[in-house]
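Engineer: my_file-v4.cif (mmCIF, C-alpha atoms) pasted underneath:
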```cif
data_protein
#
loop_
_atom_site.label_atom_id
_atom_site.label_comp_id
_atom_site.auth_asym_id
_atom_site.auth_seq_id
_atom_site.Cartn_x
_atom_site.Cartn_y
_atom_site.Cartn_z
CA MET P 140 4.32 4.66 -20.75
CA GLY P 141 2.83 7.59 -22.61
CA ASP P 142 1.58 5.44 -25.49
CA PRO P 143 -1.90 4.07 -24.65
CA ALA P 144 -1.45 1.21 -27.13
CA LEU P 145 1.82 0.16 -25.53
CA SER P 146 0.28 0.45 -22.09
CA ARG P 147 -2.64 -1.70 -23.13
CA ARG P 148 -0.34 -4.33 -24.61
CA GLY P 149 1.64 -4.42 -21.38
CA PHE P 150 -1.52 -5.00 -19.40
CA LEU P 151 -2.70 -7.69 -21.82
CA ALA P 152 0.56 -9.55 -21.43
CA ALA P 153 0.38 -9.33 -17.66
CA SER P 154 -3.23 -10.47 -17.52
CA ALA P 155 -2.51 -13.38 -19.84
CA ALA P 156 0.28 -14.41 -17.49
CA ALA P 157 -2.17 -14.21 -14.61
CA GLY P 158 -4.49 -16.58 -16.45
CA LEU P 159 -7.53 -14.33 -16.11
CA SER P 160 -10.53 -14.54 -18.39
CA MET P 161 -11.44 -11.37 -20.27
CA THR P 162 -14.91 -12.73 -20.88
CA ALA P 163 -15.55 -13.22 -17.18
CA LEU P 164 -14.45 -9.67 -16.41
CA SER P 165 -15.76 -7.75 -19.39
CA GLY P 166 -19.08 -6.83 -17.81
CA CYS P 167 -17.52 -4.39 -15.36
CA GLY P 168 -18.30 -0.71 -15.75
CA GLY P 169 -19.98 1.10 -18.59
CA ASP P 170 -23.54 -0.10 -17.89
CA SER P 171 -24.15 1.46 -14.50
CA ASP P 172 -25.99 4.66 -15.32
CA GLY P 173 -29.72 4.59 -15.69
CA GLY P 174 -31.96 1.66 -16.44
CA SER P 175 -35.68 1.05 -16.86
CA SER P 176 -36.25 1.38 -13.12
CA GLY P 177 -34.67 4.83 -13.00
CA THR P 178 -32.12 3.54 -10.48
CA THR P 179 -28.39 4.04 -10.97
CA THR P 180 -26.18 1.15 -9.83
CA ILE P 181 -22.54 1.98 -9.19
CA GLU P 182 -19.96 -0.75 -8.77
CA TRP P 183 -17.36 -0.17 -6.04
CA TRP P 184 -14.23 -2.32 -5.97
CA ASN P 185 -12.03 -2.20 -2.86
CA ILE P 186 -9.57 -4.28 -0.83
CA SER P 187 -11.24 -3.98 2.58
CA THR P 188 -11.63 -7.68 3.30
CA THR P 189 -10.76 -7.66 7.03
CA GLU P 190 -12.86 -6.58 9.99
CA PRO P 191 -13.90 -4.09 11.20
CA THR P 192 -13.24 -2.21 7.94
CA LYS P 193 -15.25 -4.61 5.77
CA SER P 194 -18.42 -4.12 7.82
CA VAL P 195 -17.87 -0.38 8.34
CA TRP P 196 -17.54 0.21 4.61
CA ALA P 197 -20.61 -1.90 3.85
CA ALA P 198 -22.58 0.17 6.36
CA LEU P 199 -21.35 3.39 4.76
CA ALA P 200 -22.59 2.16 1.38
CA LYS P 201 -26.02 1.53 2.91
CA LYS P 202 -25.97 5.00 4.48
CA PHE P 203 -25.19 6.55 1.10
CA GLU P 204 -28.03 4.59 -0.49
CA ALA P 205 -30.42 5.84 2.19
CA GLN P 206 -29.40 9.42 1.41
CA ASN P 207 -29.69 8.75 -2.34
CA PRO P 208 -32.76 6.53 -2.89
CA LYS P 209 -32.22 6.26 -6.64
CA VAL P 210 -28.68 4.90 -6.26
CA LYS P 211 -27.55 1.35 -5.48
CA VAL P 212 -23.95 0.49 -4.54
CA LYS P 213 -22.65 -2.91 -5.61
CA ILE P 214 -19.57 -3.77 -3.53
CA VAL P 215 -16.79 -6.06 -4.78
CA GLN P 216 -14.15 -6.73 -2.09
CA LEU P 217 -10.95 -8.56 -2.97
CA GLU P 218 -7.74 -9.40 -1.13
CA ASN P 219 -4.75 -7.23 -2.13
CA ASP P 220 -2.99 -9.54 -4.61
CA ALA P 221 -6.21 -10.83 -6.16
CA TYR P 222 -7.37 -7.25 -6.60
CA LYS P 223 -4.17 -6.21 -8.37
CA SER P 224 -4.37 -9.18 -10.73
CA LYS P 225 -8.00 -8.60 -11.62
CA MET P 226 -7.52 -4.86 -12.08
CA THR P 227 -4.65 -5.59 -14.48
CA ALA P 228 -7.00 -7.79 -16.49
CA LEU P 229 -9.83 -5.26 -16.39
CA THR P 230 -7.52 -2.51 -17.60
CA ALA P 231 -6.46 -4.73 -20.49
CA SER P 232 -10.12 -5.28 -21.37
CA GLY P 233 -10.75 -1.52 -21.38
CA LYS P 234 -13.48 -1.65 -18.73
CA LEU P 235 -12.87 -0.55 -15.16
CA PRO P 236 -15.36 -0.47 -12.26
CA ASP P 237 -17.23 2.76 -11.66
CA ILE P 238 -15.28 3.32 -8.42
CA PHE P 239 -12.06 1.46 -7.69
CA HIS P 240 -9.28 1.40 -5.12
CA THR P 241 -6.03 3.01 -6.22
CA TRP P 242 -2.66 3.73 -4.64
CA GLY P 243 -1.84 6.27 -7.34
CA GLY P 244 1.61 6.48 -8.90
CA GLY P 245 2.73 4.57 -11.98
CA VAL P 246 -0.14 2.08 -12.01
CA LEU P 247 -2.72 4.87 -12.06
CA LYS P 248 -0.66 6.66 -14.73
CA GLN P 249 -0.84 3.67 -17.06
CA GLN P 250 -4.60 3.48 -16.57
CA VAL P 251 -4.86 7.21 -17.28
CA ASP P 252 -2.60 6.91 -20.34
CA ALA P 253 -4.90 4.17 -21.61
CA GLY P 254 -7.80 6.63 -21.44
CA LEU P 255 -9.70 4.64 -18.81
CA VAL P 256 -9.79 6.98 -15.80
CA GLU P 257 -11.94 10.05 -15.20
CA ASP P 258 -10.26 13.43 -14.68
CA LEU P 259 -11.72 14.53 -11.33
CA THR P 260 -10.11 17.97 -11.18
CA ASP P 261 -13.24 19.96 -11.99
CA ARG P 262 -15.86 17.42 -10.92
CA THR P 263 -14.60 17.37 -7.30
CA LYS P 264 -14.07 21.09 -6.75
CA PRO P 265 -14.37 22.76 -4.30
CA TRP P 266 -14.79 20.05 -1.67
CA ALA P 267 -11.60 18.17 -2.58
CA ASP P 268 -9.52 21.31 -2.03
CA GLY P 269 -10.02 20.93 1.73
CA LEU P 270 -8.34 17.51 1.94
CA LEU P 271 -4.76 17.12 3.19
CA SER P 272 -2.33 18.02 0.42
CA VAL P 273 0.13 15.19 1.14
CA ALA P 274 -2.71 12.67 0.91
CA LYS P 275 -3.69 13.92 -2.57
CA GLU P 276 -0.21 13.88 -4.10
CA PRO P 277 -0.13 10.23 -5.32
CA TYR P 278 -3.23 10.87 -7.45
CA LEU P 279 -2.03 14.03 -9.19
CA LEU P 280 -0.73 13.59 -12.73
CA ASP P 281 0.29 16.69 -14.69
CA GLU P 282 -1.44 18.74 -11.99
CA LYS P 283 -4.75 16.99 -12.63
CA ALA P 284 -6.56 14.92 -10.00
CA TYR P 285 -7.40 11.31 -10.94
CA GLY P 286 -8.19 10.02 -7.45
CA ILE P 287 -9.53 11.09 -4.08
CA PRO P 288 -7.75 9.83 -0.94
CA PHE P 289 -9.45 8.22 2.04
CA ASP P 290 -6.29 7.32 3.96
CA ILE P 291 -2.64 8.31 4.31
CA GLY P 292 0.12 6.57 6.19
CA MET P 293 3.53 4.96 6.27
CA ILE P 294 5.32 1.69 6.74
CA GLY P 295 7.14 1.04 10.01
CA PHE P 296 7.86 -1.66 12.56
CA TRP P 297 5.02 -2.86 14.79
CA TYR P 298 6.42 -4.68 17.82
CA ASN P 299 5.46 -6.62 20.92
CA LYS P 300 6.66 -4.67 23.98
CA ALA P 301 6.40 -7.72 26.25
CA LEU P 302 8.61 -9.83 23.96
CA PHE P 303 11.13 -7.00 23.68
CA LYS P 304 11.28 -6.78 27.47
CA GLN P 305 11.69 -10.55 27.70
CA ALA P 306 14.69 -10.30 25.36
CA GLY P 307 16.22 -7.44 27.34
CA ILE P 308 15.56 -4.78 24.68
CA SER P 309 14.73 -1.61 26.58
CA THR P 310 14.10 0.73 23.62
CA PRO P 311 13.38 0.18 19.92
CA PRO P 312 16.52 0.31 17.73
CA THR P 313 17.28 3.48 15.75
CA THR P 314 20.15 2.10 13.62
CA TRP P 315 20.38 -0.93 11.31
CA SER P 316 23.20 -2.47 13.33
CA GLY P 317 21.11 -1.96 16.47
CA PHE P 318 18.16 -3.62 14.71
CA LEU P 319 20.25 -6.67 13.78
CA ASP P 320 21.47 -6.80 17.37
CA ALA P 321 17.85 -6.78 18.60
CA VAL P 322 17.04 -9.64 16.22
CA GLY P 323 19.91 -11.60 17.74
CA LYS P 324 18.71 -10.95 21.29
CA LEU P 325 15.20 -12.13 20.44
CA LYS P 326 16.48 -15.32 18.83
CA ALA P 327 18.71 -15.99 21.84
CA LYS P 328 15.55 -16.08 23.99
CA GLY P 329 13.77 -18.44 21.62
CA ILE P 330 11.52 -15.68 20.26
CA THR P 331 10.78 -15.40 16.54
CA PRO P 332 11.95 -11.85 15.72
CA LEU P 333 9.96 -11.15 12.55
CA ALA P 334 6.83 -12.34 10.78
CA LEU P 335 6.78 -12.16 6.98
CA ALA P 336 4.19 -13.07 4.35
CA GLY P 337 6.73 -14.49 1.90
CA LYS P 338 4.03 -15.91 -0.36
CA GLU P 339 2.68 -12.46 -1.19
CA LYS P 340 6.06 -10.81 -1.94
CA TRP P 341 5.01 -7.17 -1.41
CA PRO P 342 5.69 -7.25 2.37
CA GLY P 343 9.29 -8.27 1.67
CA MET P 344 9.69 -5.41 -0.80
CA TYR P 345 9.25 -2.96 2.09
CA TYR P 346 12.62 -4.01 3.55
CA TRP P 347 14.60 -3.45 0.35
CA ALA P 348 12.80 -0.17 -0.40
CA TYR P 349 13.52 1.26 3.03
CA LEU P 350 17.13 0.07 2.95
CA ALA P 351 17.54 1.69 -0.47
CA MET P 352 16.14 4.94 0.94
CA ARG P 353 18.44 4.76 3.94
CA THR P 354 21.59 4.03 1.92
CA ALA P 355 20.93 6.23 -1.14
CA GLY P 356 18.50 8.87 0.17
CA ALA P 357 14.79 9.49 -0.36
CA ASP P 358 15.11 10.92 -3.88
CA ALA P 359 17.28 8.09 -5.21
CA LEU P 360 14.45 5.66 -5.95
CA GLN P 361 12.64 8.16 -8.16
CA LYS P 362 15.90 9.13 -9.88
CA ALA P 363 16.72 5.47 -10.51
CA ASN P 364 13.30 5.03 -12.11
CA ASP P 365 13.84 8.10 -14.28
CA ASP P 366 17.35 6.96 -15.28
CA LYS P 367 16.32 3.30 -15.71
CA ASP P 368 19.30 2.29 -13.58
CA PHE P 369 19.24 0.59 -10.17
CA THR P 370 22.82 -0.70 -10.27
CA SER P 371 24.51 2.00 -8.16
CA ALA P 372 26.59 0.89 -5.19
CA GLU P 373 23.95 2.15 -2.75
CA PHE P 374 21.25 -0.09 -4.20
CA VAL P 375 23.55 -3.11 -4.10
CA GLN P 376 24.36 -2.21 -0.48
CA ALA P 377 20.63 -2.16 0.29
CA GLY P 378 20.37 -5.72 -0.95
CA GLN P 379 23.44 -6.74 1.05
CA HIS P 380 21.97 -5.24 4.21
CA LEU P 381 18.79 -7.22 3.62
CA LYS P 382 20.83 -10.38 3.09
CA ASP P 383 22.57 -9.72 6.42
CA LEU P 384 19.13 -9.82 8.02
CA VAL P 385 18.02 -12.93 6.09
CA ASP P 386 21.21 -14.73 7.13
CA LEU P 387 20.11 -14.39 10.77
CA GLN P 388 17.02 -16.51 9.92
CA PRO P 389 14.71 -14.03 11.65
CA PHE P 390 11.36 -15.06 10.13
CA GLN P 391 8.74 -17.51 11.36
CA LYS P 392 8.81 -21.14 10.30
CA GLY P 393 7.24 -21.58 6.87
CA PHE P 394 7.32 -17.86 6.08
CA LEU P 395 7.94 -18.41 2.35
CA GLY P 396 4.48 -19.96 2.05
CA ALA P 397 2.73 -17.59 4.46
CA ALA P 398 0.08 -15.08 3.43
CA TYR P 399 -0.49 -11.74 5.11
CA SER P 400 -3.98 -11.68 6.63
CA THR P 401 -4.90 -15.37 6.98
CA PRO P 402 -5.23 -17.08 10.40
CA THR P 403 -1.74 -18.56 9.96
CA GLY P 404 -0.20 -15.55 8.22
CA GLN P 405 2.06 -12.63 9.03
CA ALA P 406 -0.43 -10.43 10.88
CA ALA P 407 -1.74 -13.32 12.98
CA ALA P 408 1.78 -14.33 14.00
CA VAL P 409 2.30 -10.89 15.54
CA GLY P 410 -1.25 -10.52 16.81
CA ASN P 411 -1.03 -13.87 18.61
CA GLY P 412 2.37 -13.11 20.16
CA LYS P 413 4.18 -15.71 18.01
CA ALA P 414 6.58 -13.16 16.49
CA ALA P 415 8.00 -9.96 17.93
CA MET P 416 7.75 -7.63 14.92
CA GLU P 417 6.38 -7.00 11.47
CA LEU P 418 7.22 -4.27 8.96
CA MET P 419 3.81 -3.03 7.89
CA GLY P 420 1.57 0.00 7.35
CA GLN P 421 -0.73 1.92 9.63
CA TRP P 422 -3.46 -0.68 9.13
CA ALA P 423 -1.42 -3.34 10.96
CA PRO P 424 -3.15 -3.14 14.39
CA VAL P 425 -6.58 -3.70 12.81
CA VAL P 426 -5.44 -6.71 10.76
CA GLU P 427 -3.49 -8.19 13.69
CA ALA P 428 -6.66 -8.09 15.77
CA ASP P 429 -8.79 -9.52 12.95
CA ALA P 430 -6.43 -12.33 11.91
CA GLY P 431 -5.21 -13.00 15.46
CA LYS P 432 -6.01 -11.82 18.97
CA GLY P 433 -4.30 -8.43 18.83
CA LEU P 434 -1.76 -7.16 21.36
CA GLY P 435 -3.63 -4.31 22.99
CA GLY P 436 -1.33 -2.27 25.21
CA ASP P 437 1.68 -4.45 24.34
CA LEU P 438 1.72 -3.16 20.76
CA GLY P 439 4.23 -0.46 19.88
CA PHE P 440 5.52 1.29 16.76
CA PHE P 441 8.91 2.59 15.65
CA PRO P 442 10.24 3.97 12.34
CA PHE P 443 12.59 2.03 10.09
CA PRO P 444 16.11 2.49 11.50
CA ALA P 445 18.84 4.61 9.92
CA VAL P 446 21.72 2.87 8.13
CA GLU P 447 25.11 3.96 9.38
CA GLY P 448 26.99 5.85 6.69
CA GLY P 449 23.92 6.08 4.47
CA LYS P 450 22.68 9.21 2.71
CA GLY P 451 19.11 8.80 3.96
CA ALA P 452 17.58 9.98 7.25
CA ILE P 453 15.28 8.20 9.67
CA THR P 454 12.75 11.00 9.04
CA GLU P 455 12.36 9.96 5.39
CA VAL P 456 9.31 7.74 5.16
CA PHE P 457 8.02 5.07 2.80
CA GLY P 458 4.35 4.38 2.39
CA GLY P 459 1.23 5.85 0.89
CA GLY P 460 -2.46 5.77 1.40
CA GLY P 461 -5.59 4.52 -0.21
CA GLY P 462 -7.73 6.40 -2.66
CA HIS P 463 -10.61 5.94 -5.05
CA ALA P 464 -10.60 6.62 -8.79
CA LEU P 465 -13.46 6.52 -11.29
CA ARG P 466 -13.66 4.93 -14.71
CA GLN P 467 -13.84 7.28 -17.68
CA GLY P 468 -17.43 8.45 -18.06
CA ALA P 469 -18.56 7.33 -14.59
CA PRO P 470 -22.03 8.58 -13.61
CA GLN P 471 -22.55 11.58 -11.34
CA ALA P 472 -23.64 9.18 -8.59
CA ALA P 473 -20.05 7.89 -8.41
CA VAL P 474 -18.74 11.43 -7.92
CA ASP P 475 -21.38 11.99 -5.25
CA PHE P 476 -20.18 8.84 -3.49
CA LEU P 477 -16.58 10.11 -3.47
CA LYS P 478 -17.79 13.38 -1.92
CA PHE P 479 -19.74 11.42 0.70
CA PHE P 480 -16.72 9.22 1.46
CA ALA P 481 -14.42 12.25 1.80
CA SER P 482 -16.78 14.17 4.09
CA GLU P 483 -15.91 15.07 7.68
CA SER P 484 -18.64 12.81 9.10
CA THR P 485 -17.43 9.78 7.12
CA ASP P 486 -13.77 10.46 7.92
CA LEU P 487 -14.55 10.74 11.62
CA GLU P 488 -16.28 7.36 11.46
CA LEU P 489 -13.35 5.80 9.58
CA VAL P 490 -10.82 7.17 12.08
CA LYS P 491 -12.81 6.04 15.12
CA LYS P 492 -13.86 2.61 13.86
CA THR P 493 -11.09 1.47 11.50
CA GLY P 494 -7.99 3.29 12.75
CA VAL P 495 -7.12 5.07 9.51
CA LEU P 496 -5.29 8.37 9.52
CA PRO P 497 -7.60 11.23 8.52
CA VAL P 498 -7.49 13.03 5.18
CA VAL P 499 -9.95 15.66 6.40
CA PRO P 500 -7.96 17.93 8.77
CA SER P 501 -10.85 18.44 11.18
CA ALA P 502 -11.08 14.67 11.77
CA GLU P 503 -7.62 14.52 13.37
CA SER P 504 -9.16 15.06 16.80
CA ALA P 505 -10.75 11.60 16.58
CA ILE P 506 -7.41 9.76 16.75
CA ALA P 507 -7.30 7.96 20.10
CA ASP P 508 -4.84 5.09 19.58
CA PRO P 509 -1.34 6.12 20.76
CA ASN P 510 0.31 4.06 18.02
CA ILE P 511 -1.71 5.74 15.28
CA LYS P 512 -0.77 9.07 16.84
CA ALA P 513 2.87 7.96 16.64
CA VAL P 514 2.49 7.17 12.94
CA GLN P 515 0.89 10.54 12.32
CA ALA P 516 3.67 12.30 14.22
CA GLN P 517 6.25 10.59 12.00
CA LEU P 518 4.35 11.63 8.90
CA LYS P 519 3.97 15.23 10.01
CA GLY P 520 7.70 15.41 10.74
CA ALA P 521 8.75 13.64 7.53
CA THR P 522 11.58 15.20 5.53
CA GLY P 523 11.01 12.95 2.51
CA PHE P 524 8.33 10.60 1.19
CA GLN P 525 8.39 7.65 -1.22
CA LEU P 526 5.26 5.90 -2.50
CA TYR P 527 5.13 2.07 -2.47
CA LEU P 528 7.43 0.90 -5.26
CA ASP P 529 4.92 -1.53 -6.78
CA GLN P 530 2.60 1.45 -7.22
CA ALA P 531 5.06 4.27 -7.85
CA TYR P 532 6.59 2.39 -10.79
CA ALA P 533 5.02 0.97 -13.94
CA PRO P 534 3.29 -2.36 -13.17
CA ALA P 535 5.92 -4.60 -14.77
CA LEU P 536 8.75 -2.81 -12.97
CA GLY P 537 6.93 -2.82 -9.64
CA GLN P 538 6.30 -6.54 -10.00
CA GLU P 539 9.97 -7.15 -10.80
CA VAL P 540 11.00 -5.32 -7.62
CA ASN P 541 8.67 -7.56 -5.62
CA ASP P 542 9.84 -10.72 -7.41
CA SER P 543 13.56 -9.97 -7.20
CA VAL P 544 13.46 -9.02 -3.53
CA ALA P 545 11.44 -12.17 -2.78
CA ALA P 546 14.14 -14.18 -4.58
CA LEU P 547 16.85 -12.56 -2.45
CA ILE P 548 14.91 -13.38 0.72
CA ALA P 549 14.45 -16.95 -0.50
CA GLY P 550 18.16 -17.23 -1.22
CA SER P 551 18.01 -17.59 -5.01
CA LYS P 552 19.31 -14.11 -5.96
CA SER P 553 22.25 -12.04 -4.78
CA ALA P 554 22.12 -8.32 -3.99
CA GLU P 555 23.81 -7.58 -7.32
CA GLN P 556 21.39 -9.77 -9.24
CA VAL P 557 18.43 -7.94 -7.68
CA SER P 558 19.74 -4.58 -8.90
CA GLU P 559 20.54 -6.01 -12.35
CA SER P 560 17.12 -7.64 -12.78
CA ILE P 561 15.24 -4.50 -11.76
CA THR P 562 17.38 -2.40 -14.11
CA LYS P 563 16.78 -4.81 -17.02
CA VAL P 564 13.00 -4.49 -16.67
CA ALA P 565 13.23 -0.71 -16.18
CA LYS P 566 15.07 -0.41 -19.51
CA GLU P 567 12.52 -2.64 -21.24
CA GLU P 568 9.72 -0.36 -20.00
CA GLN P 569 11.13 2.66 -21.90
#
```
Write out the structure in this file as structure tokens.
Structural biologist:
Amino acid sequence: MGDPALSRRGFLAASAAAGLSMTALSGCGGDSDGGSSGTTTIEWWNISTTEPTKSVWAALAKKFEAQNPKVKVKIVQLENDAYKSKMTALTASGKLPDIFHTWGGGVLKQQVDAGLVEDLTDRTKPWADGLLSVAKEPYLLDEKAYGIPFDIGMIGFWYNKALFKQAGISTPPTTWSGFLDAVGKLKAKGITPLALAGKEKWPGMYYWAYLAMRTAGADALQKANDDKDFTSAEFVQAGQHLKDLVDLQPFQKGFLGAAYSTPTGQAAAVGNGKAAMELMGQWAPVVEADAGKGLGGDLGFFPFPAVEGGKGAITEVFGGGGGHALRQGAPQAAVDFLKFFASESTDLELVKKTGVLPVVPSAESAIADPNIKAVQAQLKGATGFQLYLDQAYAPALGQEVNDSVAALIAGSKSAEQVSESITKVAKEEQ
């Protein structure tokens, strides 16, 4: 991964597979600063395609423009998977947007290794020093900052309290066997236990990742990446535990073709009371209400259960946040926008209107939703943390995790084959 040429070739191969046109994307970045009018246009790519976040972010861009009359913000908003594909292609072309969404980790590292991302360490001092340390960690590479966070959070189960009560489940399960038992109780009452966006693959990855953490411990996933070996007994057990769940047929009808945020997708199934649970991040309540009706007071949250006999603890969390990075050589206006977006006033607005967890400590007082408070309490009490695997690992390896786990859920791969496939790609990435 340290060789920029190798990194670039990897991205070219991936973008070719995605069928994306370099010509269509080659105009991004590099031409934003200056112009005959004296106005600087900065291009901002993000994944905030659902309401209210989409409108809130657009309004913030207008507010920034009002405060900076010589700056225009061009917003490009793409759904998660489309964004990842297009960013892969843009990286291959050598031109990134002025400001772009990042989760940090291995994907950001490859972009940095390719010489395409601005080192923000000095350009964002001293204001970035006041942001939450845990929120900044995914964007630190060799103790240098290549991104600024706007959100931090974790993956957990969001559930319908009314449907749990209907199935006779008095409290959320804390063990994997208890979770499987709850799934059985829901099915016995004719209730779909879980909604899953099988078409998009990354939501299914959450199950395997958490089960791997619970069986092998929080540090095992990073060690496996370092050793290029995911074939240990604990990782195979994680796949077997997931297969035990899949064998119960817990997901909604047609889940393999379902998207995440569409009107017939995963979030809507929970938000409309058609499924009892989904394993998703802190943004889930907002998307459930946008794609469906939302559950209001019937919505609850609980952490991923512990696996009996496993090395991991229920206090070890899987997740991450969102951040912004800048292309190499981005204009000062882009840095100014990051400072504006990371300010206390902006963070307060984001917390109040979009339900994100604050990265500015003083904005914590704005959290009103009890479920978001529950997520924050889990994060503050966390004894271990693992970034999303499709971001923590190199892009090809992260994609293989998503693909292999999706194949297990679809019934075309065994637990052993998942571990073997992931290991094969990990070794190829050396």
Engineer: Please evaluate the PyMOL selection byres ((chain P and resi 295-306) around 7) against the structure above and give the resulting residues as a list of chain:residue names.
Structural biologist: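 Applied to this file, the PyMOL selection byres ((chain P and resi 295-306) around 7) selects P:Met293, P:Ile294, P:Gly307, P:Ile308, P:Ser309, P:Lys324, P:Leu325, P:Lys328, P:Ala415, P:Met416, P:Glu417, P:Leu418, P:Met419, P:Gly420, P:Asp437, P:Leu438, P:Gly439, P:Phe440, P:Phe441, P:Pro442, P:Phe443.
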Engineer: Between atom CA of P:Lys209 and atom CA of P:Ile287, what distance in Å does the model show, to one decimal?
Structural biologist: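 Going from atom CA of P:Lys209 over to atom CA of P:Ile287, I get 23.3 Å.
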Engineer: Quick one: everything within 8 Å of P:Ala464, counting all atoms listed in the file, minus sequence neighbours fewer than 2 positions away in the same chain. Send it as a count of residues only.
Structural biologist: 11
Engineer: Which residues match the PyMOL selection byres ((chain P and resi 374-376) around 8) in the file above, as a list in words?
Structural biologist: Ala351, Thr354, Ala355, Phe369, Thr370, Ser371, Ala372, Glu373, Ala377, Gly378, Gln379, His380, Ala554, Glu555, Val557 and Ser558 of chain P
Engineer: Written as a PyMOL selection string, which residues does the PyMOL selection byres ((chain P and resi 357) around 12) give for the file shown?
Structural biologist: chain P and resi 348-356+358-363+373+449-458+521-526
Engineer: What would the file look like if the residues just selected were written as a compact mmCIF listing (two decimals), keeping the file's coordinate frame with C-alpha atoms?
Structural biologist:
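So part.txt came out as:
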```txt
# COMPACT_ATOMS: atom_id res chain seq x y z
CA ALA P 348 12.80 -0.17 -0.40
CA TYR P 349 13.52 1.26 3.03
CA LEU P 350 17.13 0.07 2.95
CA ALA P 351 17.54 1.69 -0.47
CA MET P 352 16.14 4.94 0.94
CA ARG P 353 18.44 4.76 3.94
CA THR P 354 21.59 4.03 1.92
CA ALA P 355 20.93 6.23 -1.14
CA GLY P 356 18.50 8.87 0.17
CA ASP P 358 15.11 10.92 -3.88
CA ALA P 359 17.28 8.09 -5.21
CA LEU P 360 14.45 5.66 -5.95
CA GLN P 361 12.64 8.16 -8.16
CA LYS P 362 15.90 9.13 -9.88
CA ALA P 363 16.72 5.47 -10.51
CA GLU P 373 23.95 2.15 -2.75
CA GLY P 449 23.92 6.08 4.47
CA LYS P 450 22.68 9.21 2.71
CA GLY P 451 19.11 8.80 3.96
CA ALA P 452 17.58 9.98 7.25
CA ILE P 453 15.28 8.20 9.67
CA THR P 454 12.75 11.00 9.04
CA GLU P 455 12.36 9.96 5.39
CA VAL P 456 9.31 7.74 5.16
CA PHE P 457 8.02 5.07 2.80
CA GLY P 458 4.35 4.38 2.39
CA ALA P 521 8.75 13.64 7.53
CA THR P 522 11.58 15.20 5.53
CA GLY P 523 11.01 12.95 2.51
CA PHE P 524 8.33 10.60 1.19
CA GLN P 525 8.39 7.65 -1.22
CA LEU P 526 5.26 5.90 -2.50
```
Engineer: With a distance cut-off of 8 Å and all atoms listed in the file, select the neighbouring residues of P:Val210, excluding the residue or stretch itself and same-chain residues fewer than 6 positions from it, and output the selection as a list in words.
Structural biologist: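 Once the adjacent positions are removed, what remains is Thr178, Thr179, Thr180, Ile181, Glu204 and Ala472 of chain P.
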Engineer: For the atom pair atom CA of P:Gln391 and atom CA of P:Gln538, what is the interatomic distance in Å to one decimal place?
Structural biologist: 24.1 Å
Engineer: Which residues are close to P:Ala197, i.e. within 12 Å by only C-alpha atoms, leaving aside same-chain residues fewer than 2 positions away? Reply as a PyMOL selection string.
Structural biologist: chain P and resi 183-185+187-195+199-204+212-216
Engineer: Within 9 Å of P:Glu339, counting all atoms listed in the file, which residues show up once you throw out same-chain ones fewer than 3 positions away? Write them as a list of chain:residue names, please.
Structural biologist: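 Once the adjacent positions are removed, what remains is P:Asp220, P:Ala336, P:Pro342, P:Gly343, P:Leu395, P:Gly396, P:Ala397, P:Ala398, P:Tyr399, P:Asn541, P:Ala545.
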Engineer: Do a neighbour search on stretch 426-435 of chain P at 8 Å with only C-alpha atoms, toss out local chain neighbours closer than 2 positions, and write the hits as a PDB file with C-alpha atoms, in the frame of the given file.
Structural biologist:
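The file below, out-v4.pdb, is the result:
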```pdb
ATOM      1  CA  THR P 189     -10.760  -7.660   7.030  1.00  0.00           C
ATOM      2  CA  GLU P 190     -12.860  -6.580   9.990  1.00  0.00           C
ATOM      3  CA  PRO P 191     -13.900  -4.090  11.200  1.00  0.00           C
ATOM      4  CA  ASN P 299       5.460  -6.620  20.920  1.00  0.00           C
ATOM      5  CA  SER P 400      -3.980 -11.680   6.630  1.00  0.00           C
ATOM      6  CA  THR P 401      -4.900 -15.370   6.980  1.00  0.00           C
ATOM      7  CA  PRO P 402      -5.230 -17.080  10.400  1.00  0.00           C
ATOM      8  CA  GLY P 404      -0.200 -15.550   8.220  1.00  0.00           C
ATOM      9  CA  ALA P 406      -0.430 -10.430  10.880  1.00  0.00           C
ATOM     10  CA  ALA P 407      -1.740 -13.320  12.980  1.00  0.00           C
ATOM     11  CA  ALA P 408       1.780 -14.330  14.000  1.00  0.00           C
ATOM     12  CA  VAL P 409       2.300 -10.890  15.540  1.00  0.00           C
ATOM     13  CA  GLY P 410      -1.250 -10.520  16.810  1.00  0.00           C
ATOM     14  CA  ASN P 411      -1.030 -13.870  18.610  1.00  0.00           C
ATOM     15  CA  GLY P 412       2.370 -13.110  20.160  1.00  0.00           C
ATOM     16  CA  TRP P 422      -3.460  -0.680   9.130  1.00  0.00           C
ATOM     17  CA  ALA P 423      -1.420  -3.340  10.960  1.00  0.00           C
ATOM     18  CA  PRO P 424      -3.150  -3.140  14.390  1.00  0.00           C
ATOM     19  CA  ASP P 437       1.680  -4.450  24.340  1.00  0.00           C
ATOM     20  CA  LEU P 438       1.720  -3.160  20.760  1.00  0.00           C
TER      21      LEU P 438
END
```
Engineer: Is it possible to get the axis-aligned box enclosing stretch 266-280 of chain P (all listed atoms, 4 Å extra per side) as AutoDock Vina command-line options, with centre and edge lengths in Å rounded to one decimal?
Structural biologist:
```
--center_x -7.3 --center_y 15.8 --center_z -4.8 --size_x 22.9 --size_y 19.1 --size_z 23.9
```
Engineer: One decimal, Å: what's the distance from atom CA of P:Thr313 over to atom CA of P:Leu384, could you say?
Structural biologist: 15.5 Å
Engineer: Give one line per residue of stretch 406-462 of chain P that approaches stretch 271-276 of chain P to at most 10 Å, naming the two atoms of the closest pair and their distance in Å to one decimal, counting only C-alpha atoms; sort by chain then ascending residue number and deliver it as a Markdown table.
Structural biologist:
```
| residue | atom | partner | partner_atom | distance |
| --- | --- | --- | --- | --- |
| P:Gly459 | CA | P:Ala274 | CA | 7.9 |
| P:Gly460 | CA | P:Ala274 | CA | 6.9 |
| P:Gly461 | CA | P:Ala274 | CA | 8.7 |
| P:Gly462 | CA | P:Lys275 | CA | 8.5 |
```
